[in-house]
Each structure stands twice: as structure tokens, then as C-alpha cells.
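Undergrad: I am sharing start_30.tsv, which consists of TSV, C-alpha atoms and all ligand atoms:
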```tsv
chain	number	residue	atom	x	y	z
A	1	MET	CA	64.43	214.95	125.35
A	2	ALA	CA	64.71	217.33	122.44
A	3	VAL	CA	66.20	214.71	120.16
A	4	LEU	CA	63.34	212.28	120.73
A	5	GLN	CA	60.76	214.97	120.16
A	6	GLU	CA	62.29	215.61	116.77
A	7	ARG	CA	61.24	212.15	115.64
A	8	ARG	CA	57.69	212.71	114.56
A	9	PRO	CA	55.94	209.33	114.45
A	10	MET	CA	55.32	207.82	111.05
A	11	VAL	CA	52.71	205.25	110.10
A	12	ALA	CA	52.86	203.87	106.59
A	13	GLY	CA	50.30	201.65	104.92
A	14	ASN	CA	51.76	199.09	102.55
A	15	TRP	CA	48.82	198.04	100.41
A	16	LYS	CA	50.99	195.43	98.65
A	17	MET	CA	49.33	193.87	95.57
A	18	ASN	CA	45.80	194.80	96.62
A	19	THR	CA	43.14	197.24	95.40
A	20	THR	CA	41.91	197.93	91.91
A	21	ASP	CA	42.39	201.52	90.85
A	22	ALA	CA	38.82	202.38	91.89
A	23	GLU	CA	39.31	200.70	95.26
A	24	ALA	CA	42.59	202.53	95.76
A	25	GLY	CA	40.85	205.88	95.22
A	26	ASP	CA	38.09	204.95	97.67
A	27	LEU	CA	40.54	203.72	100.30
A	28	ALA	CA	42.66	206.84	99.99
A	29	ARG	CA	39.58	209.04	100.31
A	30	GLU	CA	38.40	207.17	103.41
A	31	THR	CA	41.86	207.34	104.95
A	32	VAL	CA	42.08	211.09	104.40
A	33	ARG	CA	38.70	211.46	106.07
A	34	ALA	CA	39.81	209.33	109.01
A	35	LEU	CA	43.21	210.95	109.54
A	36	GLY	CA	43.25	214.37	107.92
A	37	ASP	CA	43.02	216.08	111.31
A	38	ILE	CA	46.28	214.68	112.73
A	39	ALA	CA	48.37	213.81	109.67
A	40	GLY	CA	51.29	216.09	109.00
A	41	THR	CA	51.28	217.73	112.40
A	42	ASP	CA	51.28	214.92	114.97
A	43	VAL	CA	52.22	212.04	112.71
A	44	ASP	CA	53.41	211.43	109.16
A	45	VAL	CA	50.92	209.20	107.37
A	46	VAL	CA	52.18	207.55	104.20
A	47	LEU	CA	50.03	205.56	101.78
A	48	CYS	CA	51.86	203.06	99.56
A	49	PRO	CA	49.46	201.82	96.87
A	50	PRO	CA	50.41	199.66	93.89
A	51	PHE	CA	52.34	201.49	91.13
A	52	VAL	CA	49.34	201.66	88.79
A	53	SER	CA	47.33	203.59	91.38
A	54	LEU	CA	50.00	206.09	92.41
A	55	THR	CA	48.48	208.78	90.22
A	56	THR	CA	44.94	208.10	91.43
A	57	VAL	CA	46.01	208.25	95.06
A	58	TYR	CA	48.19	211.30	94.36
A	59	GLU	CA	45.15	213.12	93.00
A	60	THR	CA	42.87	211.87	95.76
A	61	ILE	CA	45.11	213.01	98.63
A	62	ALA	CA	46.20	216.27	96.96
A	63	GLY	CA	45.56	219.15	99.33
A	64	SER	CA	45.49	216.80	102.35
A	65	PRO	CA	48.46	216.25	104.66
A	66	LEU	CA	48.79	212.58	103.73
A	67	LEU	CA	51.94	211.49	101.94
A	68	LEU	CA	52.49	209.08	99.08
A	69	GLY	CA	54.99	206.25	98.84
A	70	ALA	CA	55.85	203.57	96.29
A	71	GLN	CA	56.46	199.94	97.21
A	72	THR	CA	59.84	199.60	95.50
A	73	LEU	CA	61.96	201.32	92.86
A	74	ASN	CA	64.66	200.55	90.36
A	75	ALA	CA	67.98	202.22	91.16
A	76	ALA	CA	68.73	202.95	87.49
A	77	PRO	CA	67.36	206.24	86.12
A	78	LYS	CA	65.91	204.65	82.95
A	79	GLY	CA	66.60	202.00	80.38
A	80	ALA	CA	65.86	198.49	79.16
A	81	TYR	CA	64.44	196.99	82.36
A	82	THR	CA	61.04	195.63	81.35
A	83	GLY	CA	58.41	196.03	84.03
A	84	GLU	CA	60.54	198.18	86.32
A	85	VAL	CA	59.85	201.67	87.65
A	86	SER	CA	62.74	204.07	88.23
A	87	TRP	CA	63.24	206.77	90.80
A	88	THR	CA	63.06	209.37	88.05
A	89	MET	CA	59.44	208.30	87.46
A	90	LEU	CA	58.56	208.36	91.15
A	91	ARG	CA	60.22	211.64	92.00
A	92	GLY	CA	57.61	214.37	91.82
A	93	LEU	CA	54.80	211.92	92.54
A	94	CYS	CA	55.96	210.31	95.79
A	95	THR	CA	57.83	211.44	98.86
A	96	HIS	CA	58.59	207.96	100.19
A	97	VAL	CA	59.51	204.54	98.86
A	98	ILE	CA	59.67	201.14	100.54
A	99	VAL	CA	62.89	199.31	99.75
A	100	GLY	CA	63.99	195.78	100.58
A	101	HIS	CA	60.65	194.50	101.78
A	102	SER	CA	61.04	190.85	102.75
A	103	GLU	CA	58.55	189.84	100.06
A	104	ARG	CA	60.83	191.42	97.47
A	105	ARG	CA	63.89	189.82	99.03
A	106	THR	CA	62.19	186.41	99.16
A	107	TYR	CA	60.16	186.26	95.93
A	108	TYR	CA	62.25	188.52	93.67
A	109	HIS	CA	65.64	187.66	95.12
A	110	GLU	CA	66.64	191.20	96.08
A	111	THR	CA	69.99	191.08	97.84
A	112	ASP	CA	71.47	193.32	100.52
A	113	GLU	CA	73.48	194.94	97.73
A	114	ASP	CA	70.31	195.69	95.73
A	115	VAL	CA	68.67	197.17	98.82
A	116	ASN	CA	71.71	199.36	99.40
A	117	LYS	CA	71.61	200.62	95.79
A	118	LYS	CA	67.91	201.36	96.08
A	119	THR	CA	68.38	203.18	99.38
A	120	LEU	CA	71.12	205.37	97.90
A	121	ALA	CA	69.09	206.01	94.74
A	122	ALA	CA	66.05	207.02	96.79
A	123	LEU	CA	68.12	209.44	98.87
A	124	ASP	CA	69.71	210.92	95.75
A	125	ALA	CA	66.22	211.40	94.31
A	126	GLY	CA	65.02	213.18	97.44
A	127	LEU	CA	62.73	210.28	98.39
A	128	THR	CA	62.61	208.97	101.95
A	129	PRO	CA	63.50	205.28	101.84
A	130	ILE	CA	61.56	203.04	104.21
A	131	ALA	CA	64.08	200.22	104.24
A	132	CYS	CA	62.94	196.88	105.62
A	133	VAL	CA	64.96	194.41	107.65
A	134	GLY	CA	64.01	191.38	109.68
A	135	GLU	CA	64.97	187.83	110.51
A	136	ARG	CA	63.33	184.49	109.75
A	137	LEU	CA	61.90	182.35	112.50
A	138	GLU	CA	64.79	179.85	112.34
A	139	GLN	CA	67.27	182.67	112.82
A	140	ARG	CA	65.42	183.97	115.88
A	141	GLU	CA	65.20	180.48	117.34
A	142	ALA	CA	68.91	179.96	116.76
A	143	GLY	CA	69.72	183.19	118.61
A	144	GLN	CA	70.94	184.85	115.41
A	145	ALA	CA	68.29	187.54	115.01
A	146	HIS	CA	70.38	190.45	116.24
A	147	ALA	CA	73.48	189.59	114.25
A	148	TYR	CA	71.42	189.05	111.11
A	149	VAL	CA	69.47	192.29	111.37
A	150	ALA	CA	72.62	194.25	112.24
A	151	GLY	CA	74.22	192.84	109.07
A	152	GLN	CA	71.24	193.91	106.97
A	153	VAL	CA	71.37	197.43	108.43
A	154	ARG	CA	75.13	197.72	107.83
A	155	ALA	CA	74.64	196.63	104.24
A	156	LEU	CA	71.76	198.96	103.44
A	157	LEU	CA	73.45	201.99	105.00
A	158	ASP	CA	76.76	201.46	103.24
A	159	GLY	CA	77.70	204.81	101.68
A	160	VAL	CA	74.91	206.82	103.32
A	161	ALA	CA	76.39	210.17	104.31
A	162	PRO	CA	76.11	211.18	107.98
A	163	GLY	CA	74.04	214.18	106.93
A	164	ALA	CA	71.51	211.96	105.16
A	165	ILE	CA	70.79	209.45	107.91
A	166	ARG	CA	67.90	211.50	109.27
A	167	GLU	CA	66.18	211.08	105.92
A	168	VAL	CA	66.30	207.31	106.22
A	169	CYS	CA	63.58	205.29	107.85
A	170	ILE	CA	64.14	201.64	108.77
A	171	ALA	CA	61.28	199.21	109.37
A	172	TYR	CA	61.92	196.17	111.50
A	173	GLU	CA	59.65	193.49	110.08
A	174	PRO	CA	60.45	190.02	111.40
A	175	LEU	CA	59.40	187.57	108.69
A	176	TRP	CA	57.54	185.33	111.12
A	177	ALA	CA	55.25	188.24	112.02
A	178	ILE	CA	54.28	189.35	108.51
A	179	GLY	CA	50.74	188.42	107.61
A	180	THR	CA	50.69	185.67	110.23
A	181	GLY	CA	48.66	187.35	112.96
A	182	ARG	CA	51.61	186.65	115.24
A	183	SER	CA	53.18	190.02	116.01
A	184	ALA	CA	56.43	190.45	117.94
A	185	ASP	CA	56.09	191.44	121.60
A	186	GLY	CA	56.63	195.14	122.22
A	187	PRO	CA	59.85	194.62	124.21
A	188	VAL	CA	61.28	192.23	121.59
A	189	ALA	CA	60.61	194.77	118.84
A	190	ARG	CA	62.06	197.53	121.00
A	191	GLU	CA	65.27	195.59	121.53
A	192	VAL	CA	65.78	195.23	117.79
A	193	ALA	CA	64.76	198.85	117.10
A	194	ALA	CA	67.44	200.00	119.58
A	195	LEU	CA	69.97	197.71	117.92
A	196	ILE	CA	69.10	199.17	114.49
A	197	ARG	CA	69.61	202.71	115.78
A	198	GLY	CA	72.87	201.66	117.42
A	199	VAL	CA	74.25	200.30	114.15
A	200	ALA	CA	73.13	203.47	112.33
A	201	ARG	CA	74.85	205.60	114.97
A	202	GLU	CA	78.03	203.57	114.65
A	203	LEU	CA	78.05	204.08	110.86
A	204	CYS	CA	76.60	207.56	110.47
A	205	GLY	CA	77.04	209.27	113.82
A	206	GLU	CA	74.64	211.17	116.03
A	207	GLY	CA	72.27	212.00	113.17
A	208	ALA	CA	70.94	208.46	113.73
A	209	GLU	CA	69.01	209.87	116.70
A	210	GLY	CA	66.79	211.58	114.15
A	211	MET	CA	66.28	208.44	112.03
A	212	ARG	CA	62.89	206.82	112.45
A	213	VAL	CA	62.58	203.13	113.17
A	214	LEU	CA	59.22	201.51	112.54
A	215	TYR	CA	57.85	198.14	113.54
A	216	GLY	CA	55.90	196.04	111.05
A	217	GLY	CA	54.30	192.61	111.16
A	218	SER	CA	50.66	191.92	112.10
A	219	VAL	CA	50.12	195.39	113.56
A	220	THR	CA	46.45	195.84	114.43
A	221	ALA	CA	44.28	198.36	116.21
A	222	ALA	CA	44.43	196.00	119.20
A	223	ASN	CA	48.22	195.79	119.53
A	224	ALA	CA	49.44	199.14	118.14
A	225	ALA	CA	49.60	200.80	121.56
A	226	GLU	CA	52.06	198.17	122.74
A	227	PHE	CA	54.50	199.22	120.02
A	228	ALA	CA	53.77	202.90	120.41
A	229	ALA	CA	54.75	202.64	124.07
A	230	GLN	CA	58.28	201.47	123.23
A	231	PRO	CA	61.07	204.03	123.08
A	232	ASP	CA	63.03	203.62	119.84
A	233	ILE	CA	59.89	202.56	117.93
A	234	ASP	CA	58.73	205.64	116.05
A	235	GLY	CA	55.80	204.25	114.14
A	236	ALA	CA	54.54	201.32	112.14
A	237	LEU	CA	54.60	199.82	108.67
A	238	VAL	CA	51.18	198.27	108.32
A	239	GLY	CA	50.15	195.68	105.76
A	240	GLY	CA	46.73	194.01	105.97
A	241	ALA	CA	45.19	196.46	108.43
A	242	SER	CA	46.01	199.42	106.17
A	243	LEU	CA	43.38	198.14	103.72
A	244	ASP	CA	40.72	199.13	106.24
A	245	ALA	CA	40.66	202.89	106.79
A	246	ALA	CA	39.14	202.64	110.26
A	247	ALA	CA	41.67	200.07	111.46
A	248	PHE	CA	44.55	202.03	109.93
A	249	ALA	CA	43.30	205.21	111.58
A	250	ALA	CA	43.09	203.50	114.96
A	251	ILE	CA	46.65	202.20	114.59
A	252	THR	CA	47.89	205.63	113.57
A	253	ARG	CA	46.20	207.34	116.49
A	254	ALA	CA	47.93	204.97	118.90
A	255	PHE	CA	51.26	206.60	117.92
A	256	VAL	CA	50.12	210.17	118.55
B	1	LIG	P1	50.99	192.69	107.84
B	1	LIG	O1	50.66	193.94	108.62
B	1	LIG	O2	49.88	192.25	106.94
B	1	LIG	O3	51.51	191.61	108.73
B	1	LIG	O4	52.19	193.08	106.84
B	1	LIG	C1	53.28	193.74	107.35
B	1	LIG	C2	54.10	194.22	106.23
B	1	LIG	O5	54.71	193.44	105.53
B	1	LIG	C3	54.13	195.67	105.97
B	1	LIG	O6	55.11	195.98	105.05
```
In C-alpha cells, write the structure found in this file.

TA:
Amino acid sequence: MAVLQERRPMVAGNWKMNTTDAEAGDLARETVRALGDIAGTDVDVVLCPPFVSLTTVYETIAGSPLLLGAQTLNAAPKGAYTGEVSWTMLRGLCTHVIVGHSERRTYYHETDEDVNKKTLAALDAGLTPIACVGERLEQREAGQAHAYVAGQVRALLDGVAPGAIREVCIAYEPLWAIGTGRSADGPVAREVAALIRGVARELCGEGAEGMRVLYGGSVTAANAAEFAAQPDIDGALVGGASLDAAAFAAITRAFV
């Protein structure tokens, strides 16, 4: 199907609050070595280091097909927001930015409205937002996972123009799977990925067929193929395993 072929897989490594600047440079270098042959043609590979190492990683991957992402952004262009980093600072350095990660929603109280503002700001800045959604364990057990995730997707896409939906990437990261070693089953993740695309189609039309949906949560070299085999899952957002270039490369290759 032509439409499906248009969705080049994407695998993004979210390094979270790990790596010193020297370690970030080394990890980026090793990842380029491990994936330089397939990145950019068969798969988009995005490295998301901590803010302080964006420049180091930018310089390390320059000339390679790997892409650079930030882990969050502030939707305001500049101003008195101590500690924050705006899209104007990221533009020109990054191509991607994670927004609404559950750790930001949980620990820094980011709301659906904040995530929507960040998504719109990223798009305006020409950055690809990798917007995260996902339910808690209690919600899944209560049969509310689909309704909850659909609500998060509706909120984050509010105001996204139909023509821009292809530039959006949504990562389904159930909270119970993040950093727990307990990943979702492939078919469970697929069901939610299809739901996410359905909501995007409802809001933004057929362009949603070009929007990439990733799975994240305890993705490893051992289970990546299970997710790669699912239609509607176009890649992965990888946390812990992205800190090991060999493991990250093995995960990425599963999606090619
Ligand atoms: P883990 O791969 O460590 O479970 O983290 C997933 C994640 O939160 C990626 O954003």
C-alpha cells in the first residue's frame, strides 16, 4: 500500500537525564558507527540527549544521517522562565522534540493543555513533535485505557492543521511499561496505535495515514521485532536500551 510505504520507520532514543557531556559524545559516535549505513534511507534515527549535550551531539553526528531531538521545549519564544529552553533556541540545532513525556506530565505536572501548546509551538518552529500518550496501570485494569489515550490525543492535536498532521509523531508509552521491564504485548500496542491514528484521522483527515505512531516502554533488542511486526506501529521510542549503542542498533534494525 503506497500510503503505508510512505511512513518510513522512526526509532528515537530518549536518553533522559543520563550521560555526562563526554559520555554523550561517545554514545553518539558509537551510535553513528552502528547505524550510519541504514539511517536516513531505511529508517529515521533520532537521538535525544539532555539539553546540555545537544551541541556536542550535534557536532558529533554532523555529516551523518542521524537526527537530533530535544526532550522537551517551552512554548514561549523567550522570556523570564528560569531554567526553560524555548523552541527558538532549539530550532536550527534539532529537527525533533519530545513533548508530553509521562515523566514530564507526572513529575513536572504538564497538562494536556501544556502538551498541546508545545506540540503547536514545535510545528510552528519546523520541529517534528514526538508527542507521548499512555495510560496508567489502574486505567488499563479498569478498562479505561482507550478512552484515556483517545482523550490525550484529541487534546494534543487540538488546532493542528490537516496539512501538518504528517509532521506529527505520536508515541504510545503506557506508564506501566516505562522502565519496568514489562513491555506491552505487540497486539495490545497495535490496538492502541490504531486507535491513535483513528482519532488523528477523525480530527485532521486522511493526512493521518502519513503520521507515524511509535511504541515505547521497555523496548529491547529481544522484543523489538514483535512491535515492528504490527501494522500501525511505525517505530519505537526507546529509553534505557538507547544508552547502549549495540542494543539501540539491534532495536532499530528490527524496524527495517
Ligand atoms: P524505557 O525504554 O526505559 O522503558 O523508557 C521508555 C521511555 O520512556 C522512552 O521515552

Undergrad: Taking every listed atom of region 51-66 of chain A and adding 6 Å to each side, what centre and edge lengths in Å (one decimal) does the axis-aligned box have, as AutoDock Vina command-line options?

TA:
```
--center_x 47.6 --center_y 210.3 --center_z 96.7 --size_x 21.5 --size_y 29.7 --size_z 27.9
```

Undergrad: Counting only C-alpha atoms and all ligand atoms, which residue out of A:Glu103, A:Glu113, A:Glu84, A:Glu23 sits closest to ligand LIG 1 (chain B)?

TA: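 Using only C-alpha atoms and all ligand atoms, the shortest distance to ligand LIG 1 (chain B) belongs to A:Glu103.
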
Undergrad: Kindly give the distance, in Å, that separates CA of Asn223 (chain A) and CA of Thr106 (chain A), rounded to a single decimal.

TA: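 If I compute the distance from CA of Asn223 (chain A) to CA of Thr106 (chain A), I get 26.4 Å.
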
Undergrad: In Å, how far is it from CA of Gly198 (chain A) to CA of Arg154 (chain A)?

TA: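 A separation of 10.6 Å between them.
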
Undergrad: Restricting the calculation to all atoms listed in the file: of A:Ala76, A:Met17, A:Val256, A:Ala145, which residue gets closest to ligand LIG 1 (chain B)?

TA: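 For ligand LIG 1 (chain B), the nearest of the given residues is A:Met17.
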
Undergrad: Check which residues of chain A sit at most 8 Å from ligand LIG 1 (chain B) using only C-alpha atoms and all ligand atoms, and return one row each with the closest pair of atoms and their distance in Å to one decimal, ordered by chain and rising number, as CSV.

TA:
```
residue,atom,partner,partner_atom,distance
A:Gly13,CA,B:LIG1,C3,7.2
A:Asn14,CA,B:LIG1,O6,5.2
A:Lys16,CA,B:LIG1,O6,7.6
A:His101,CA,B:LIG1,O6,6.6
A:Ser102,CA,B:LIG1,O5,7.4
A:Glu103,CA,B:LIG1,O5,7.6
A:Cys132,CA,B:LIG1,O6,7.9
A:Glu173,CA,B:LIG1,O5,6.7
A:Ala177,CA,B:LIG1,O3,6.0
A:Ile178,CA,B:LIG1,O3,3.6
A:Gly179,CA,B:LIG1,O3,3.5
A:Thr180,CA,B:LIG1,O3,6.2
A:Gly181,CA,B:LIG1,O3,6.6
A:Ser183,CA,B:LIG1,O3,7.6
A:Gly216,CA,B:LIG1,C1,5.1
A:Gly217,CA,B:LIG1,O3,3.8
A:Ser218,CA,B:LIG1,O3,3.5
A:Val219,CA,B:LIG1,O1,5.2
A:Thr220,CA,B:LIG1,O1,7.4
A:Leu237,CA,B:LIG1,C3,5.0
A:Val238,CA,B:LIG1,O1,4.4
A:Gly239,CA,B:LIG1,O1,3.4
A:Gly240,CA,B:LIG1,O2,3.7
A:Ala241,CA,B:LIG1,O1,6.0
A:Ser242,CA,B:LIG1,O1,7.6
```

Undergrad: Go ahead and save the picked residues with C-alpha atoms, as a PDB file, in the coordinates of the input.

TA:
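Dumped to part-v8.pdb:
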```pdb
ATOM      1  CA  GLY A  13      50.300 201.650 104.920  1.00  0.00           C
ATOM      2  CA  ASN A  14      51.760 199.090 102.550  1.00  0.00           C
ATOM      3  CA  LYS A  16      50.990 195.430  98.650  1.00  0.00           C
ATOM      4  CA  HIS A 101      60.650 194.500 101.780  1.00  0.00           C
ATOM      5  CA  SER A 102      61.040 190.850 102.750  1.00  0.00           C
ATOM      6  CA  GLU A 103      58.550 189.840 100.060  1.00  0.00           C
ATOM      7  CA  CYS A 132      62.940 196.880 105.620  1.00  0.00           C
ATOM      8  CA  GLU A 173      59.650 193.490 110.080  1.00  0.00           C
ATOM      9  CA  ALA A 177      55.250 188.240 112.020  1.00  0.00           C
ATOM     10  CA  ILE A 178      54.280 189.350 108.510  1.00  0.00           C
ATOM     11  CA  GLY A 179      50.740 188.420 107.610  1.00  0.00           C
ATOM     12  CA  THR A 180      50.690 185.670 110.230  1.00  0.00           C
ATOM     13  CA  GLY A 181      48.660 187.350 112.960  1.00  0.00           C
ATOM     14  CA  SER A 183      53.180 190.020 116.010  1.00  0.00           C
ATOM     15  CA  GLY A 216      55.900 196.040 111.050  1.00  0.00           C
ATOM     16  CA  GLY A 217      54.300 192.610 111.160  1.00  0.00           C
ATOM     17  CA  SER A 218      50.660 191.920 112.100  1.00  0.00           C
ATOM     18  CA  VAL A 219      50.120 195.390 113.560  1.00  0.00           C
ATOM     19  CA  THR A 220      46.450 195.840 114.430  1.00  0.00           C
ATOM     20  CA  LEU A 237      54.600 199.820 108.670  1.00  0.00           C
ATOM     21  CA  VAL A 238      51.180 198.270 108.320  1.00  0.00           C
ATOM     22  CA  GLY A 239      50.150 195.680 105.760  1.00  0.00           C
ATOM     23  CA  GLY A 240      46.730 194.010 105.970  1.00  0.00           C
ATOM     24  CA  ALA A 241      45.190 196.460 108.430  1.00  0.00           C
ATOM     25  CA  SER A 242      46.010 199.420 106.170  1.00  0.00           C
TER      26      SER A 242
END
```

Undergrad: Can you tell me how far CA of Leu243 (chain A) sits from CA of Ala34 (chain A), in Å to one decimal?

TA: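 CA of Leu243 (chain A) sits 12.9 Å away from CA of Ala34 (chain A).
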
Undergrad: The residues within 7 Å of (40.0, 206.6, 113.1), using all atoms listed in the file and the coordinates of the file, should be reported as JSON, numbers by chain; which are they?

TA: {"A": [34, 35, 246, 247, 249, 250]}

Undergrad: Which protein, DNA or RNA residues have an atom at most 6 Å from (63.4, 204.3, 108.4), counting all atoms listed in the file? List them as a list in words.

TA: Ile130, Ala131, Val168, Cys169, Ile170, Ala171, Arg212 and Val213 of chain A

Undergrad: List the spatial neighbours of Glu202 (chain A) as a ChimeraX atom specification - criterion: any atom at most 12 Å away, only C-alpha atoms, same-chain residues fewer than 6 positions off excluded.

TA: /A:150,153-154,157-158,162,165,195-196,208-209

Undergrad: Give me the residues near Leu47 (chain A) as an MDAnalysis selection string, where near means some atom within 6 Å (using all atoms listed in the file) and where sequence neighbours in that chain fewer than 3 positions away do not count.

TA: chainID A and resid 12:13 68:69

Undergrad: Residues of region 41-102 of chain A that have any atom at most 9 Å from an atom of region 119-126 of chain A: could you tabulate them with the shortest-distance atom pair and the distance in Å to one decimal, using all atoms listed in the file, ordered by chain and increasing number, as a Markdown table?

TA:
```
| residue | atom | partner | partner_atom | distance |
| --- | --- | --- | --- | --- |
| A:Leu73 | CA | A:Ala122 | CA | 8.0 |
| A:Asn74 | CA | A:Ala121 | CA | 8.3 |
| A:Ala75 | CA | A:Ala121 | CA | 5.3 |
| A:Ala76 | CA | A:Ala121 | CA | 7.9 |
| A:Pro77 | CA | A:Ala121 | CA | 8.8 |
| A:Trp87 | CA | A:Ala125 | CA | 6.5 |
| A:Thr88 | CA | A:Ala125 | CA | 7.3 |
| A:Leu90 | CA | A:Ala125 | CA | 8.8 |
| A:Arg91 | CA | A:Ala125 | CA | 6.4 |
| A:Thr95 | CA | A:Gly126 | CA | 7.5 |
| A:His96 | CA | A:Ala122 | CA | 8.3 |
| A:Val97 | CA | A:Ala122 | CA | 7.3 |
| A:Val99 | CA | A:Thr119 | CA | 6.7 |
| A:Gly100 | CA | A:Thr119 | CA | 8.7 |
```

Undergrad: Taking C-alpha atoms for each residue, export the selection above as a short mmCIF file (atom, residue, chain, number, x, y, z; two decimals), keeping the file's coordinate frame.

TA:
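The resulting file, again29.cif, is reproduced below:
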```cif
data_model
loop_
_atom_site.label_atom_id
_atom_site.label_comp_id
_atom_site.auth_asym_id
_atom_site.auth_seq_id
_atom_site.Cartn_x
_atom_site.Cartn_y
_atom_site.Cartn_z
CA LEU A 73 61.96 201.32 92.86
CA ASN A 74 64.66 200.55 90.36
CA ALA A 75 67.98 202.22 91.16
CA ALA A 76 68.73 202.95 87.49
CA PRO A 77 67.36 206.24 86.12
CA TRP A 87 63.24 206.77 90.80
CA THR A 88 63.06 209.37 88.05
CA LEU A 90 58.56 208.36 91.15
CA ARG A 91 60.22 211.64 92.00
CA THR A 95 57.83 211.44 98.86
CA HIS A 96 58.59 207.96 100.19
CA VAL A 97 59.51 204.54 98.86
CA VAL A 99 62.89 199.31 99.75
CA GLY A 100 63.99 195.78 100.58
#
```

Undergrad: Go through A:Gln230, A:Thr82, A:Thr252, A:Ser64 and flag the residue nearest Gly36 (chain A), using only C-alpha atoms for the distances.

TA: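 The shortest atom-to-atom distance to Gly36 (chain A) comes from A:Ser64.
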
Undergrad: From the options A:Ala189, A:Ala155, A:Ala221, A:Leu67, which residue's atoms come nearest to Asp114 (chain A), counting only C-alpha atoms?

TA: A:Ala155

Undergrad: Using all atoms listed in the file, which residue out of A:Pro174, A:Pro129, A:Gly143, A:Pro65 lies closest to Leu156 (chain A)?

TA: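 Closest to Leu156 (chain A), using all atoms listed in the file: A:Pro129.
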
Undergrad: Considering all atoms listed in the file, return as an MDAnalysis selection string whatever protein or nucleic-acid residues lie within 10 Å of Val57 (chain A), sequence-local ones (same chain, fewer than 2 positions apart) excluded.

TA: chainID A and resid 21:22 24:29 47:50 52:55 59:62 67:69 93

Undergrad: Tell me which protein, DNA and RNA residues are within 8 Å of Tyr148 (chain A), counting only C-alpha atoms, leaving out same-chain ones fewer than 3 positions away, and put them as a list of chain:residue names.

TA: A:Gly134, A:Glu135, A:Gln139, A:Gln144, A:Ala145, A:Gly151, A:Gln152

Undergrad: Store the residues picked out above in a file with C-alpha atoms, as a PDB file, in the frame of the given file.

TA:
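Saved result, again_32.pdb, follows:
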```pdb
ATOM      1  CA  GLY A 134      64.010 191.380 109.680  1.00  0.00           C
ATOM      2  CA  GLU A 135      64.970 187.830 110.510  1.00  0.00           C
ATOM      3  CA  GLN A 139      67.270 182.670 112.820  1.00  0.00           C
ATOM      4  CA  GLN A 144      70.940 184.850 115.410  1.00  0.00           C
ATOM      5  CA  ALA A 145      68.290 187.540 115.010  1.00  0.00           C
ATOM      6  CA  GLY A 151      74.220 192.840 109.070  1.00  0.00           C
ATOM      7  CA  GLN A 152      71.240 193.910 106.970  1.00  0.00           C
TER       8      GLN A 152
END
```

Undergrad: Could you model all heavy atoms for region 191-196 of chain A and present them as a PDB file, keeping the file's coordinate frame?

TA:
```pdb
ATOM      1  N   GLU A 191      63.874 196.005 121.452  1.00  0.00           N
ATOM      2  CA  GLU A 191      65.270 195.590 121.530  1.00  0.00           C
ATOM      3  C   GLU A 191      65.935 195.690 120.159  1.00  0.00           C
ATOM      4  O   GLU A 191      67.045 196.202 120.007  1.00  0.00           O
ATOM      5  CB  GLU A 191      65.273 194.129 121.976  1.00  0.00           C
ATOM      6  CG  GLU A 191      66.338 193.744 122.942  1.00  0.00           C
ATOM      7  CD  GLU A 191      66.096 192.299 123.371  1.00  0.00           C
ATOM      8  OE1 GLU A 191      66.128 191.383 122.514  1.00  0.00           O
ATOM      9  OE2 GLU A 191      65.843 192.120 124.566  1.00  0.00           O
ATOM     10  N   VAL A 192      65.212 195.208 119.139  1.00  0.00           N
ATOM     11  CA  VAL A 192      65.780 195.230 117.790  1.00  0.00           C
ATOM     12  C   VAL A 192      65.803 196.667 117.246  1.00  0.00           C
ATOM     13  O   VAL A 192      66.758 197.057 116.580  1.00  0.00           O
ATOM     14  CB  VAL A 192      65.023 194.274 116.846  1.00  0.00           C
ATOM     15  CG1 VAL A 192      65.640 194.307 115.450  1.00  0.00           C
ATOM     16  CG2 VAL A 192      65.040 192.861 117.399  1.00  0.00           C
ATOM     17  N   ALA A 193      64.778 197.445 117.566  1.00  0.00           N
ATOM     18  CA  ALA A 193      64.760 198.850 117.100  1.00  0.00           C
ATOM     19  C   ALA A 193      65.976 199.596 117.679  1.00  0.00           C
ATOM     20  O   ALA A 193      66.626 200.375 116.976  1.00  0.00           O
ATOM     21  CB  ALA A 193      63.466 199.523 117.524  1.00  0.00           C
ATOM     22  N   ALA A 194      66.280 199.342 118.942  1.00  0.00           N
ATOM     23  CA  ALA A 194      67.440 200.000 119.580  1.00  0.00           C
ATOM     24  C   ALA A 194      68.733 199.540 118.911  1.00  0.00           C
ATOM     25  O   ALA A 194      69.654 200.326 118.684  1.00  0.00           O
ATOM     26  CB  ALA A 194      67.445 199.698 121.073  1.00  0.00           C
ATOM     27  N   LEU A 195      68.786 198.253 118.593  1.00  0.00           N
ATOM     28  CA  LEU A 195      69.970 197.710 117.920  1.00  0.00           C
ATOM     29  C   LEU A 195      70.152 198.384 116.548  1.00  0.00           C
ATOM     30  O   LEU A 195      71.262 198.763 116.168  1.00  0.00           O
ATOM     31  CB  LEU A 195      69.762 196.199 117.734  1.00  0.00           C
ATOM     32  CG  LEU A 195      70.725 195.502 116.792  1.00  0.00           C
ATOM     33  CD1 LEU A 195      71.866 194.892 117.591  1.00  0.00           C
ATOM     34  CD2 LEU A 195      70.039 194.428 115.978  1.00  0.00           C
ATOM     35  N   ILE A 196      69.049 198.543 115.831  1.00  0.00           N
ATOM     36  CA  ILE A 196      69.100 199.170 114.490  1.00  0.00           C
ATOM     37  C   ILE A 196      69.645 200.597 114.620  1.00  0.00           C
ATOM     38  O   ILE A 196      70.529 201.014 113.874  1.00  0.00           O
ATOM     39  CB  ILE A 196      67.697 199.167 113.848  1.00  0.00           C
ATOM     40  CG1 ILE A 196      67.312 197.739 113.462  1.00  0.00           C
ATOM     41  CG2 ILE A 196      67.627 200.108 112.650  1.00  0.00           C
ATOM     42  CD1 ILE A 196      65.849 197.568 113.033  1.00  0.00           C
TER      43      ILE A 196
END
```
